[in-house]
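Visitor: Here it is, the structure, as structure tokens.
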Amino acid sequence: MLLLLTVASLISALGTTHGFLGKLHPTNPEVTMNISQMISFWKYPNEEYEVVTEDGYVLGINRIPYGRKNSENTDAGYDVWLGNSRGNTWARKNLYYSPDSVEFWAFSFDEMAKYDLPATIDFILKKTGQDQLRYVGHSQGTTIGFIAFSTNPKLAKKIKTFYALAPVATVKYTKTLLNKLMLLPSFLFKIIFGNKIFYPHHFFDQFLATEVCSREMVDLLCSNTLFIICGFDTSNLNMSRLDVYLSHNPAGTSVQNVLHWSQAVKSGKFQAFDWGSPVQNMIHFHQPTPPYYNLTDMHVPIAVWNGGNDLLADPEDVDLLLSKLPNLIYHRKIPPYNHLDFIWAMDAPQVIYNEIVSMMGEDNK
């Protein structure tokens, strides 16, 4: 990112009209759209709701209730819901605390699993009148699924199947450069990044997307910056949509959440957040140390896809995860895939999504 900042400064100094770093690629209209607008842009029906969690966080969620009508493409027509976790761009409200307060940001993926996921699932089931749903998670979306479904048996019964893409539980073997950042002592990390939001998405990211990374000579640099963090698979990224990806990502989270991942890197364990003292841990967990999350208690049927070039969900960590899952119904490793290929790869529909839809169809019989 520092390299991108330097390039951005160069463009600002030299002027964007001189073509110093090549011509601008055409900007995709989704760069400035919200989720609802993007869904509508691709001619899908869209509904938007707000879910309020037990502890007062307001989560924006979107629904695509059915497939495109009069479409030439084959459309499975599932009722699809898109959730959000507290603190990201679309879930930055609370009934009691302002996003400007420290209290608002006092959470990690513990709270996402304890409050956000159950509230979202219950909202969807109440709205649809269904007893169960299928859960598809990617990255941290799988993490909160593992926690929620292993610690909340009542919630687990509401999940028919869990489809896990690039799953993350332990990060003992992660090779991403982010783990170097995470080795900073907590006090120093907070001095550098504060104690509220970590890496918010703001106007400068849109500038990077539209003025820097959309230029012919720089787009490869921008994509390589993503690969350094998530793993390399340069041939599978649609460079013409790089401005869309960068204009909406990252969506922001709390400093505490990043510290929780730092704790996981250091310990190699799948464990709740350490609040810093036995007294604080007693308040939150009724024990002096944070509890471990036991994956053997996660009995929801689960299908797993992971990548061989994934620096975040390292194959060694995934192998450890798989050995602990008592109801693993399917596993496939995709050797060339990195962490983001599961959502951005050009061949993801053929490699993964069609397979998931097919499995869902078999599940209905």
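Order determines the names: the first chain of the structure tokens is A, the second B, and so forth; residues in each chain are numbered 1 upward, and ligands are numbered 1 upward as they are shown.
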Give me the residues within 9 Å of A:Ile343 as a short mmCIF file (atom, residue, chain, number, x, y, z; two decimals) with all heavy atoms, in the first residue's frame, counting only C-alpha atoms and dropping any in the same chain fewer than 5 places off.

Guide:
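So selection-v8.cif came out as:
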data_model
loop_
_atom_site.label_atom_id
_atom_site.label_comp_id
_atom_site.auth_asym_id
_atom_site.auth_seq_id
_atom_site.Cartn_x
_atom_site.Cartn_y
_atom_site.Cartn_z
N HIS A 138 -17.03 -16.99 3.31
CA HIS A 138 -15.68 -16.87 2.77
C HIS A 138 -14.78 -16.23 3.82
O HIS A 138 -15.17 -15.25 4.46
CB HIS A 138 -15.67 -16.00 1.50
CG HIS A 138 -14.29 -15.65 1.01
ND1 HIS A 138 -13.72 -14.41 1.20
CD2 HIS A 138 -13.37 -16.40 0.35
CE1 HIS A 138 -12.51 -14.40 0.67
NE2 HIS A 138 -12.28 -15.58 0.14
N LEU A 165 -15.61 -21.40 1.96
CA LEU A 165 -14.63 -21.04 0.94
C LEU A 165 -13.43 -20.37 1.60
O LEU A 165 -13.60 -19.41 2.35
CB LEU A 165 -15.26 -20.10 -0.09
CG LEU A 165 -16.61 -20.53 -0.69
CD1 LEU A 165 -17.10 -19.47 -1.67
CD2 LEU A 165 -16.50 -21.88 -1.37
N ALA A 348 -14.24 -18.72 -11.34
CA ALA A 348 -14.89 -19.17 -10.10
C ALA A 348 -16.27 -19.79 -10.32
O ALA A 348 -16.60 -20.79 -9.67
CB ALA A 348 -14.99 -18.01 -9.10
#

Visitor: Excluding A:Phe193 and its own-chain neighbours fewer than 4 positions away, which residues fall within 8 Å of it when counting only C-alpha atoms? Please give them as JSON, numbers by chain.

Guide: {"A": [189, 198, 255]}

Visitor: DSSP on the backbone: what in stretch 213-365 of chain A comes out helix (DSSP H, G or I), as a PyMOL selection string?

Guide: chain A and resi 219-230+234-236+239-248+255-267+278-285+295-297+315-324+341-344+348-364

Visitor: Name the closest residue to A:Tyr135 among the candidates A:Tyr115, A:Trp42, A:Tyr163, A:Phe285; distances are taken between atoms, counting only C-alpha atoms.

Guide: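 Counting only C-alpha atoms, the residue closest to A:Tyr135 is A:Tyr163.
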
Visitor: Let me make sure I understand: among A:Pro349, A:Gly268, A:Gly56, A:Gly308, which one has the smallest atom-to-atom distance to A:Thr170 if we use only C-alpha atoms?

Guide: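 Nearest to A:Thr170: A:Gly268.
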
Visitor: In Å to one decimal, how far is atom CA of A:Lys154 from atom CA of A:Tyr97?

Guide: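 Atom CA of A:Lys154 lies 29.1 Å from atom CA of A:Tyr97.
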
Visitor: Can you measure atom CA of A:Ile329 to atom CA of A:Thr296 for me? One decimal in Å is fine.

Guide: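 Taking atom CA of A:Ile329 as the start and atom CA of A:Thr296 as the end point, the length is 14.4 Å.
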
Visitor: Using only C-alpha atoms, which of the listed residues (A:Met298, A:Leu95, A:Leu321, A:Ile39) sits closest to A:Leu155?

Guide: A:Met298

Visitor: Just how far from atom CA of A:Ile197 is atom CA of A:Trp105, in Å to one decimal?

Guide: 6.5 Å

Visitor: Closest to A:Val80 among A:Leu133, A:Leu181, A:Met112, A:Leu320, using only C-alpha atoms?

Guide: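 Counting only C-alpha atoms, the residue closest to A:Val80 is A:Leu133.
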
Visitor: Using only C-alpha atoms, which of the listed residues (A:His284, A:Lys180, A:Lys157, A:Arg134) sits closest to A:Phe107?

Guide: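 Selected residue with least distance to A:Phe107: A:His284.
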
Visitor: Residues of stretch 96-122 of chain A that approach stretch 240-254 of chain A to 12 Å or less, counting only C-alpha atoms: could you list each one with the shortest pair of atoms and its distance in Å to one decimal, rows by chain and increasing residue number, as a tab-separated table?

Guide:
residue	atom	partner	partner_atom	distance
A:Pro99	CA	A:Ser254	CA	10.6
A:Asp100	CA	A:Ser254	CA	12.0
A:Ser101	CA	A:Ser254	CA	11.7
A:Val102	CA	A:Ser254	CA	9.8
A:Glu103	CA	A:Ser254	CA	10.8
A:Phe104	CA	A:Ser254	CA	9.0
A:Trp105	CA	A:Ser254	CA	5.5
A:Ala106	CA	A:Ser254	CA	7.4
A:Phe107	CA	A:Ser254	CA	6.8
A:Ser108	CA	A:Ser254	CA	6.9
A:Phe109	CA	A:Ser254	CA	9.6
A:Glu111	CA	A:Ser254	CA	11.5
A:Met112	CA	A:Thr253	CA	11.1

Visitor: Determine the nearest neighbour of A:Pro167 from the options A:Asn152, A:Ala113, A:Gly137, A:Asn236, counting only C-alpha atoms.

Guide: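 Checking each candidate against A:Pro167, we get A:Gly137 as the closest.
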
Visitor: Would you pick out the contacts of A:Trp261 at 12 Å or less, using only C-alpha atoms, so that residues sharing its chain but fewer than 2 positions from it are not included, and give the list as an NGL selection string?

Guide: :A and (108-110 or 140 or 143 or 168-172 or 174 or 178-184 or 186 or 253-259 or 263-274 or 312)

Visitor: Using only C-alpha atoms, which residues sit within 8 Å of A:Pro301 once same-chain residues fewer than 4 positions away are excluded, as a PDB file with C-alpha atoms, in the first residue's frame?

Guide:
ATOM      1  CA  LYS A 160     -28.887 -27.217   6.560  1.00  0.00           C
ATOM      2  CA  THR A 161     -25.384 -27.092   5.073  1.00  0.00           C
ATOM      3  CA  PHE A 162     -22.306 -24.911   5.582  1.00  0.00           C
ATOM      4  CA  ASN A 327     -19.396 -33.776   9.706  1.00  0.00           C
ATOM      5  CA  LEU A 328     -17.225 -32.986   6.685  1.00  0.00           C
ATOM      6  CA  ILE A 329     -19.251 -34.025   3.634  1.00  0.00           C
TER       7      ILE A 329
END

Visitor: Stretch 239-295 of chain A: which residues are strand (DSSP E or B) by DSSP, as a list in words?

Guide: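 Listing strand (DSSP E or B) positions across stretch 239-295 of chain A yields Thr253, Ser254, Gln271 and Tyr292 of chain A.
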
Visitor: Would you save the residues from that selection as a PDB file, in the first residue's frame, using C-alpha atoms?

Guide:
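Written file, part_7.pdb:
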ATOM      1  CA  THR A 253     -13.114  -3.313  10.822  1.00  0.00           C
ATOM      2  CA  SER A 254     -12.056  -2.601  14.396  1.00  0.00           C
ATOM      3  CA  GLN A 271      -9.441 -18.902  20.823  1.00  0.00           C
ATOM      4  CA  TYR A 292     -10.784 -22.130  23.110  1.00  0.00           C
TER       5      TYR A 292
END

Visitor: Mind checking which residues fall within 8 Å of stretch 355-365 of chain A, counting only C-alpha atoms, ignoring those fewer than 2 positions away in the same chain, and posting them as a ChimeraX atom specification?

Guide: /A:76,163,350-353
